[in-house]
$ cat input.cif   # mmCIF, C-alpha atoms
data_run
loop_
_atom_site.group_PDB
_atom_site.id
_atom_site.type_symbol
_atom_site.label_atom_id
_atom_site.label_comp_id
_atom_site.auth_asym_id
_atom_site.auth_seq_id
_atom_site.Cartn_x
_atom_site.Cartn_y
_atom_site.Cartn_z
ATOM 1 C CA ASN A 1 -109.468 239.155 79.495
ATOM 2 C CA TYR A 2 -110.308 242.057 81.777
ATOM 3 C CA SER A 3 -114.047 241.305 81.931
ATOM 4 C CA THR A 4 -113.453 237.744 83.115
ATOM 5 C CA TYR A 5 -110.939 238.949 85.682
ATOM 6 C CA GLU A 6 -113.439 241.545 86.935
ATOM 7 C CA LYS A 7 -116.136 238.897 87.296
ATOM 8 C CA HIS A 8 -113.799 236.633 89.272
ATOM 9 C CA TYR A 9 -112.769 239.533 91.461
ATOM 10 C CA THR A 10 -116.404 240.495 92.103
ATOM 11 C CA PHE A 11 -117.254 236.868 92.909
ATOM 12 C CA ILE A 12 -114.386 236.651 95.398
ATOM 13 C CA ILE A 13 -115.481 239.908 97.042
ATOM 14 C CA ILE A 14 -119.039 238.559 97.394
ATOM 15 C CA ILE A 15 -117.753 235.299 98.900
ATOM 16 C CA ILE A 16 -115.599 237.217 101.371
ATOM 17 C CA MET A 17 -118.518 239.436 102.336
ATOM 18 C CA LEU A 18 -120.742 236.403 102.807
ATOM 19 C CA LEU A 19 -118.105 234.730 104.983
ATOM 20 C CA MET A 20 -117.704 237.873 107.033
ATOM 21 C CA SER A 21 -121.492 238.123 107.449
ATOM 22 C CA VAL A 22 -121.687 234.501 108.564
ATOM 23 C CA LEU A 23 -118.774 235.056 110.947
ATOM 24 C CA TYR A 24 -120.477 238.169 112.347
ATOM 25 C CA ILE A 25 -123.753 236.283 112.864
ATOM 26 C CA ILE A 26 -121.887 233.433 114.590
ATOM 27 C CA LEU A 27 -120.054 235.841 116.908
ATOM 28 C CA LEU A 28 -123.274 237.711 117.634
ATOM 29 C CA THR A 29 -125.056 234.430 118.384
ATOM 30 C CA LEU A 30 -122.254 233.273 120.677
ATOM 31 C CA PHE A 31 -122.307 236.610 122.490
ATOM 32 C CA PHE A 32 -126.088 236.431 122.842
ATOM 33 C CA SER A 33 -125.983 232.791 124.000
ATOM 34 C CA ARG A 34 -123.305 233.536 126.598
ATOM 35 C CA ASN A 35 -125.370 236.315 128.127
ATOM 36 C CA LEU A 36 -128.488 234.177 127.954
ATOM 37 C CA ASN A 37 -126.687 231.368 129.822
ATOM 38 C CA LYS A 38 -125.613 233.852 132.498
ATOM 39 C CA ILE A 39 -129.210 234.981 132.999
ATOM 40 C CA TYR A 40 -130.396 231.362 133.079
ATOM 41 C CA ARG A 41 -127.837 230.436 135.768
ATOM 42 C CA ILE A 42 -128.846 233.442 137.878
ATOM 43 C CA SER A 43 -132.564 232.645 137.619
ATOM 44 C CA ASP A 44 -131.821 228.980 138.385
ATOM 45 C CA THR A 45 -129.940 229.832 141.593
ATOM 46 C CA TYR A 46 -132.742 232.248 142.570
ATOM 47 C CA SER A 47 -135.297 229.460 142.176
ATOM 48 C CA GLU A 48 -133.261 227.384 144.650
ATOM 49 C CA GLY A 49 -133.325 230.190 147.205
ATOM 50 C CA ASP A 50 -129.697 231.255 146.704
ATOM 51 C CA PHE A 51 -129.506 235.014 146.233
ATOM 52 C CA SER A 52 -125.749 235.322 146.800
ATOM 53 C CA SER A 53 -124.783 234.626 143.185
ATOM 54 C CA SER A 54 -124.007 237.467 140.810
ATOM 55 C CA THR A 55 -122.701 237.948 137.287
ATOM 56 C CA THR A 56 -122.266 240.700 134.726
ATOM 57 C CA VAL A 57 -123.892 241.323 131.373
ATOM 58 C CA SER A 58 -122.533 243.813 128.879
ATOM 59 C CA LYS A 59 -124.383 247.104 128.863
ATOM 60 C CA TYR A 60 -124.518 246.849 125.076
ATOM 61 C CA SER A 61 -126.373 243.522 125.193
ATOM 62 C CA THR A 62 -130.041 243.442 124.225
ATOM 63 C CA LEU A 63 -130.546 241.235 127.305
ATOM 64 C CA LYS A 64 -129.280 243.893 129.722
ATOM 65 C CA PRO A 65 -132.803 245.181 130.623
ATOM 66 C CA LEU A 66 -133.947 241.607 131.314
ATOM 67 C CA TYR A 67 -130.868 240.992 133.474
ATOM 68 C CA ASP A 68 -131.476 244.207 135.444
ATOM 69 C CA ASN A 69 -135.105 243.244 136.076
ATOM 70 C CA ILE A 70 -134.135 239.775 137.311
ATOM 71 C CA MET A 71 -131.483 241.183 139.653
ATOM 72 C CA THR A 72 -133.970 243.731 141.019
ATOM 73 C CA MET A 73 -136.561 241.000 141.493
ATOM 74 C CA GLY A 74 -134.008 238.860 143.358
ATOM 75 C CA GLU A 75 -133.161 241.716 145.718
ATOM 76 C CA LYS A 76 -136.847 242.328 146.462
ATOM 77 C CA ILE A 77 -137.550 238.633 147.062
ATOM 78 C CA GLN A 78 -134.562 238.362 149.394
ATOM 79 C CA SER A 79 -135.718 241.441 151.300
ATOM 80 C CA LEU A 80 -139.247 240.032 151.633
ATOM 81 C CA MET A 81 -137.934 236.675 152.851
ATOM 82 C CA ILE A 82 -135.784 238.362 155.491
ATOM 83 C CA SER A 83 -138.762 240.439 156.623
ATOM 84 C CA GLN A 84 -140.949 237.342 156.757
ATOM 85 C CA SER A 85 -138.315 235.472 158.766
ATOM 86 C CA ASN A 86 -137.977 238.338 161.232
ATOM 87 C CA MET A 87 -141.741 238.644 161.583
ATOM 88 C CA THR A 88 -142.130 234.896 162.156
ATOM 89 C CA ARG A 89 -139.393 234.937 164.785
ATOM 90 C CA PHE A 90 -140.931 237.962 166.529
ATOM 91 C CA ALA A 91 -144.434 236.453 166.562
ATOM 92 C CA ALA A 92 -143.133 233.117 167.855
ATOM 93 C CA HIS A 93 -141.190 234.753 170.688
ATOM 94 C CA GLU A 94 -144.195 236.879 171.636
ATOM 95 C CA CYS A 95 -146.423 233.784 171.833
ATOM 96 C CA ARG A 96 -144.045 231.821 174.061
ATOM 97 C CA THR A 97 -144.581 233.837 177.242
ATOM 98 C CA PRO A 98 -148.427 233.766 177.392
ATOM 99 C CA ILE A 99 -148.426 230.056 176.515
ATOM 100 C CA SER A 100 -146.053 229.270 179.384
ATOM 101 C CA THR A 101 -148.103 231.481 181.735
ATOM 102 C CA MET A 102 -151.329 229.653 180.836
ATOM 103 C CA LEU A 103 -149.672 226.257 181.319
ATOM 104 C CA PHE A 104 -148.503 227.254 184.798
ATOM 105 C CA ALA A 105 -151.977 228.591 185.647
ATOM 106 C CA LEU A 106 -153.634 225.359 184.478
ATOM 107 C CA GLU A 107 -151.199 223.305 186.514
ATOM 108 C CA ASP A 108 -152.139 225.386 189.557
ATOM 109 C CA LEU A 109 -155.854 224.899 188.823
ATOM 110 C CA LYS A 110 -155.417 221.118 188.786
ATOM 111 C CA ASN A 111 -154.406 221.286 192.457
ATOM 112 C CA LYS A 112 -157.813 222.737 193.352
ATOM 113 C CA ASN A 113 -160.857 220.648 194.203
ATOM 114 C CA LEU A 114 -162.349 220.365 190.744
ATOM 115 C CA SER A 115 -164.811 217.912 189.246
ATOM 116 C CA GLN A 116 -163.673 215.138 186.961
ATOM 117 C CA LYS A 117 -165.225 216.895 183.967
ATOM 118 C CA SER A 118 -163.340 220.114 184.780
ATOM 119 C CA LEU A 119 -160.077 218.173 185.047
ATOM 120 C CA GLN A 120 -160.736 216.579 181.655
ATOM 121 C CA CYS A 121 -161.302 220.026 180.153
ATOM 122 C CA ILE A 122 -158.061 221.268 181.685
ATOM 123 C CA ASP A 123 -156.211 218.263 180.278
ATOM 124 C CA SER A 124 -157.656 219.022 176.837
ATOM 125 C CA ILE A 125 -156.594 222.675 177.098
ATOM 126 C CA GLU A 126 -153.105 221.601 178.191
ATOM 127 C CA GLU A 127 -152.849 219.357 175.137
ATOM 128 C CA ASP A 128 -153.835 222.247 172.876
ATOM 129 C CA LEU A 129 -151.327 224.578 174.524
ATOM 130 C CA ALA A 130 -148.579 221.964 174.330
ATOM 131 C CA GLU A 131 -149.316 221.567 170.632
ATOM 132 C CA LEU A 132 -149.294 225.346 170.193
ATOM 133 C CA LYS A 133 -145.968 225.499 172.025
ATOM 134 C CA GLU A 134 -144.549 222.881 169.654
ATOM 135 C CA LEU A 135 -145.885 224.849 166.692
ATOM 136 C CA VAL A 136 -144.143 227.989 167.979
ATOM 137 C CA LYS A 137 -140.942 225.966 168.246
ATOM 138 C CA GLN A 138 -141.307 224.915 164.611
ATOM 139 C CA PHE A 139 -141.922 228.532 163.592
ATOM 140 C CA LEU A 140 -138.653 229.512 165.239
ATOM 141 C CA GLN A 141 -136.874 226.663 163.508
ATOM 142 C CA TYR A 142 -138.378 227.678 160.162
ATOM 143 C CA SER A 143 -137.370 231.314 160.629
ATOM 144 C CA ARG A 144 -133.718 230.314 160.979
ATOM 145 C CA TYR A 145 -133.585 228.883 157.471
ATOM 146 C CA ASN A 146 -133.753 232.316 155.784
ATOM 147 C CA GLY A 147 -134.748 230.914 152.414
ATOM 148 C CA GLU A 148 -132.882 227.628 152.646
ATOM 149 C CA GLU A 149 -134.715 224.429 151.893
ATOM 150 C CA PHE A 150 -136.939 223.280 154.746
ATOM 151 C CA THR A 151 -136.092 219.657 155.571
ATOM 152 C CA LEU A 152 -139.008 217.323 156.157
ATOM 153 C CA ASN A 153 -138.700 214.549 158.716
ATOM 154 C CA SER A 154 -140.298 212.007 156.382
ATOM 155 C CA GLN A 155 -141.127 208.554 157.728
ATOM 156 C CA ASN A 156 -143.082 205.514 156.579
ATOM 157 C CA ILE A 157 -146.303 205.783 158.600
ATOM 158 C CA GLU A 158 -149.200 203.310 158.789
ATOM 159 C CA VAL A 159 -152.072 205.735 158.287
ATOM 160 C CA ASN A 160 -154.849 203.903 160.162
ATOM 161 C CA SER A 161 -152.947 203.627 163.441
ATOM 162 C CA TRP A 162 -151.572 207.143 163.101
ATOM 163 C CA LEU A 163 -155.024 208.640 162.494
ATOM 164 C CA LYS A 164 -156.542 206.781 165.453
ATOM 165 C CA THR A 165 -153.834 208.219 167.717
ATOM 166 C CA THR A 166 -154.207 211.710 166.223
ATOM 167 C CA LEU A 167 -158.004 211.710 166.610
ATOM 168 C CA ALA A 168 -158.003 210.358 170.179
ATOM 169 C CA ARG A 169 -157.850 213.886 171.603
ATOM 170 C CA TYR A 170 -161.258 214.689 170.076
ATOM 171 C CA GLN A 171 -163.116 211.941 171.987
ATOM 172 C CA SER A 172 -164.328 214.453 174.594
ATOM 173 C CA SER A 173 -165.486 216.940 171.960
ATOM 174 C CA PRO A 174 -169.197 217.928 172.124
ATOM 175 C CA LYS A 175 -169.441 217.038 168.445
ATOM 176 C CA SER A 176 -168.349 213.535 167.545
ATOM 177 C CA VAL A 177 -165.291 212.901 165.379
ATOM 178 C CA ALA A 178 -165.556 209.462 163.762
ATOM 179 C CA TYR A 179 -162.893 207.667 161.751
ATOM 180 C CA HIS A 180 -164.086 205.125 159.219
ATOM 181 C CA VAL A 181 -161.430 202.486 158.657
ATOM 182 C CA ILE A 182 -161.472 200.446 155.472
ATOM 183 C CA GLU A 183 -161.111 196.888 156.714
ATOM 184 C CA GLY A 184 -158.115 195.067 155.339
ATOM 185 C CA ASP A 185 -156.417 198.219 154.085
ATOM 186 C CA LYS A 186 -153.305 199.324 155.943
ATOM 187 C CA PRO A 187 -151.840 202.078 153.787
ATOM 188 C CA VAL A 188 -148.259 203.074 154.553
ATOM 189 C CA VAL A 189 -147.452 206.648 153.548
ATOM 190 C CA LEU A 190 -144.161 208.545 153.425
ATOM 191 C CA MET A 191 -144.793 211.772 155.352
ATOM 192 C CA ASP A 192 -143.684 214.037 158.170
ATOM 193 C CA PRO A 193 -146.016 212.927 161.003
ATOM 194 C CA GLU A 194 -145.656 216.100 163.078
ATOM 195 C CA LEU A 195 -146.372 218.506 160.233
ATOM 196 C CA MET A 196 -149.172 216.320 158.909
ATOM 197 C CA LYS A 197 -150.708 216.265 162.395
ATOM 198 C CA HIS A 198 -150.975 220.065 162.252
ATOM 199 C CA VAL A 199 -152.684 219.793 158.848
ATOM 200 C CA ILE A 200 -155.231 217.234 160.088
ATOM 201 C CA ASP A 201 -155.881 219.173 163.306
ATOM 202 C CA ASN A 202 -156.470 222.348 161.324
ATOM 203 C CA LEU A 203 -158.973 220.592 159.048
ATOM 204 C CA ILE A 204 -160.808 218.980 161.967
ATOM 205 C CA ILE A 205 -160.985 222.210 163.971
ATOM 206 C CA ASN A 206 -162.449 223.999 160.946
ATOM 207 C CA ALA A 207 -164.889 221.112 160.402
ATOM 208 C CA LEU A 208 -165.993 221.172 164.073
ATOM 209 C CA ARG A 209 -166.639 224.891 163.766
ATOM 210 C CA HIS A 210 -169.130 224.327 160.937
ATOM 211 C CA ALA A 211 -170.494 220.876 161.847
ATOM 212 C CA GLN A 212 -173.964 220.400 163.306
ATOM 213 C CA SER A 213 -173.258 217.207 165.213
ATOM 214 C CA GLN A 214 -170.393 215.202 163.729
ATOM 215 C CA VAL A 215 -167.228 215.136 161.675
ATOM 216 C CA GLN A 216 -166.221 212.100 159.646
ATOM 217 C CA VAL A 217 -162.634 211.251 158.760
ATOM 218 C CA SER A 218 -161.923 208.626 156.113
ATOM 219 C CA THR A 219 -159.151 207.478 153.803
ATOM 220 C CA GLN A 220 -159.236 206.755 150.103
ATOM 221 C CA LEU A 221 -156.565 204.720 148.355
ATOM 222 C CA THR A 222 -155.640 205.619 144.788
ATOM 223 C CA ASP A 223 -152.673 204.787 142.605
ATOM 224 C CA LYS A 224 -149.671 205.238 144.951
ATOM 225 C CA LYS A 225 -151.589 207.841 146.971
ATOM 226 C CA CYS A 226 -153.680 207.950 150.117
ATOM 227 C CA ILE A 227 -156.273 210.726 150.331
ATOM 228 C CA ILE A 228 -157.556 211.724 153.784
ATOM 229 C CA HIS A 229 -161.084 213.158 153.787
ATOM 230 C CA VAL A 230 -162.425 215.358 156.602
ATOM 231 C CA ASP A 231 -166.154 215.981 156.181
ATOM 232 C CA ASP A 232 -168.659 217.766 158.424
ATOM 233 C CA ASP A 233 -172.452 217.606 158.369
ATOM 234 C CA GLY A 234 -172.923 221.344 158.352
ATOM 235 C CA THR A 235 -174.501 223.362 155.564
ATOM 236 C CA ASN A 236 -172.248 223.838 152.512
#
$ encode --input "input.cif" --output "structure tokens"
Amino acid sequence: NYSTYEKHYTFIIIIIMLLMSVLYIILLTLFFSRNLNKIYRISDTYSEGDFSSSTTVSKYSTLKPLYDNIMTMGEKIQSLMISQSNMTRFAAHECRTPISTMLFALEDLKNKNLSQKSLQCIDSIEEDLAELKELVKQFLQYSRYNGEEFTLNSQNIEVNSWLKTTLARYQSSPKSVAYHVIEGDKPVVLMDPELMKHVIDNLIINALRHAQSQVQVSTQLTDKKCIIHVDDDGTN
């Protein structure tokens, strides 16, 4: 009868509307997911230091403001990295000339009739300047990367021998620098010896500045790690 037909017709209409709603939700989800994947890929490449990638997001997408903010952030980060690189390069170049001048002047001083103690002081200053010159060289190398990954020259280093060689330059220091070796332990560590030398030197120089009479360097072995301690006997 007509009533049964009307019920069937209404049921079919409801089913069709439900299917259309489901289809609309699926399409909306796919559209949202596609834009979300685009934003994820952009942020992923930014985290790796690559700011050359670009994509587009529909202006009707709810993610468009987020996309615009990420793109703006990427442009600002890239600009800051370029400025930092230029500043590093400028500072390194400006340091080169006075360092070379001081090295030449010290070499000229060594030809004078100086005491043995004065010659030892000059040798120590030359070592510091040579290290500073090498650090300037590394700054210039770093500035050329412009956001690319900095490659470490990692090597397997026997820490005890390396530390003894690194600390040898402090033997003539007015404040003693002592290295306490744990007998029987010969830890081998994967590290960049040149960069790590700068780290240790920086810690020791700071410790000497605050120490009363001595600085103690020691190693501590933990699970797959070697901790280097630099302690001074100053207050705090």
$ atom_distance --input "input.cif" --atom1 "CA of Cys121 in chain A" --atom2 "CA of Ile205 in chain A"
16.3 Å
$ residues_near_point --input "input.cif" --point "(-157.7, 208.7, 153.3)" --cutoff "10 Å" --atoms "all atoms listed in the file" --output "number ranges by chain"
A: 159-160, 163, 179-182, 187, 217-222, 225-230
$ residues_near_point --input "input.cif" --point "(-163.9, 221.5, 170.4)" --cutoff "7 Å" --atoms "all atoms listed in the file" --output "list in words"
Ser173, Pro174 and Leu208 of chain A
$ resolve_selection --input "input.cif" --expression "the PyMOL selection byres ((chain A and resi 38) around 12)" --output "PyMOL selection string"
chain A and resi 31-37+39-45+53-58+63-64+66-67+70-71
$ write_last_selection --input "input.cif" --atoms "C-alpha atoms" --output "mmCIF file, keeping the file's coordinate frame"
data_model
loop_
_atom_site.group_PDB
_atom_site.id
_atom_site.type_symbol
_atom_site.label_atom_id
_atom_site.label_comp_id
_atom_site.auth_asym_id
_atom_site.auth_seq_id
_atom_site.Cartn_x
_atom_site.Cartn_y
_atom_site.Cartn_z
ATOM 1 C CA PHE A 31 -122.307 236.610 122.490
ATOM 2 C CA PHE A 32 -126.088 236.431 122.842
ATOM 3 C CA SER A 33 -125.983 232.791 124.000
ATOM 4 C CA ARG A 34 -123.305 233.536 126.598
ATOM 5 C CA ASN A 35 -125.370 236.315 128.127
ATOM 6 C CA LEU A 36 -128.488 234.177 127.954
ATOM 7 C CA ASN A 37 -126.687 231.368 129.822
ATOM 8 C CA ILE A 39 -129.210 234.981 132.999
ATOM 9 C CA TYR A 40 -130.396 231.362 133.079
ATOM 10 C CA ARG A 41 -127.837 230.436 135.768
ATOM 11 C CA ILE A 42 -128.846 233.442 137.878
ATOM 12 C CA SER A 43 -132.564 232.645 137.619
ATOM 13 C CA ASP A 44 -131.821 228.980 138.385
ATOM 14 C CA THR A 45 -129.940 229.832 141.593
ATOM 15 C CA SER A 53 -124.783 234.626 143.185
ATOM 16 C CA SER A 54 -124.007 237.467 140.810
ATOM 17 C CA THR A 55 -122.701 237.948 137.287
ATOM 18 C CA THR A 56 -122.266 240.700 134.726
ATOM 19 C CA VAL A 57 -123.892 241.323 131.373
ATOM 20 C CA SER A 58 -122.533 243.813 128.879
ATOM 21 C CA LEU A 63 -130.546 241.235 127.305
ATOM 22 C CA LYS A 64 -129.280 243.893 129.722
ATOM 23 C CA LEU A 66 -133.947 241.607 131.314
ATOM 24 C CA TYR A 67 -130.868 240.992 133.474
ATOM 25 C CA ILE A 70 -134.135 239.775 137.311
ATOM 26 C CA MET A 71 -131.483 241.183 139.653
#
$ residues_around --input "input.cif" --residues "Ser124 in chain A" --least-positions-apart "3" --cutoff "10 Å" --atoms "all atoms listed in the file" --output "compact mmCIF listing (two decimals) with C-alpha atoms, in the frame of the given file"
# COMPACT_ATOMS: atom_id res chain seq x y z
CA SER A 118 -163.34 220.11 184.78
CA LEU A 119 -160.08 218.17 185.05
CA GLN A 120 -160.74 216.58 181.66
CA CYS A 121 -161.30 220.03 180.15
CA GLU A 127 -152.85 219.36 175.14
CA ASP A 128 -153.84 222.25 172.88
CA LEU A 129 -151.33 224.58 174.52
CA ALA A 130 -148.58 221.96 174.33
CA ARG A 169 -157.85 213.89 171.60
CA TYR A 170 -161.26 214.69 170.08
CA SER A 172 -164.33 214.45 174.59
CA SER A 173 -165.49 216.94 171.96
$ atom_distance --input "input.cif" --atom1 "CA of Ala211 in chain A" --atom2 "CA of Asp232 in chain A"
5.0 Å
$ residues_around --input "input.cif" --residues "range 190-203 of chain A" --least-positions-apart "6" --cutoff "6 Å" --atoms "only C-alpha atoms" --output "number ranges by chain"
A: 153-156
$ atom_distance --input "input.cif" --atom1 "CA of Ser79 in chain A" --atom2 "CA of Lys137 in chain A"
23.5 Å
$ closest_residue --input "input.cif" --among "A:Gln216, A:Thr101, A:Thr29, A:Asn206" --to "Thr62 in chain A" --atoms "all atoms listed in the file"
A:Thr29
$ resolve_selection --input "input.cif" --expression "the PyMOL selection byres ((chain A and resi 234) around 10)" --output "number ranges by chain"
A: 207-215, 231-233, 235-236
$ resolve_selection --input "input.cif" --expression "the PyMOL selection byres ((chain A and resi 102) around 12)" --output "ChimeraX atom specification"
/A:95-101,103-109,122,125-130,132-133
$ residues_around --input "input.cif" --residues "Phe51 in chain A" --least-positions-apart "3" --cutoff "8 Å" --atoms "all atoms listed in the file" --output "ChimeraX atom specification"
/A:45-46,74-75,78
$ closest_residue --input "input.cif" --among "A:Ile15, A:Leu23, A:Leu152, A:Leu140" --to "His93 in chain A" --atoms "only C-alpha atoms"
A:Leu140
$ axis_aligned_box --input "input.cif" --around "range 97-107 of chain A" --padding-each-side "3 Å" --output "AutoDock Vina command-line options"
--center_x -149.1 --center_y 228.6 --center_z 181.5 --size_x 15.1 --size_y 16.5 --size_z 16.0
$ closest_residue --input "input.cif" --among "A:Ile157, A:Thr165, A:Arg89, A:Asn113" --to "Val136 in chain A" --atoms "only C-alpha atoms"
A:Arg89
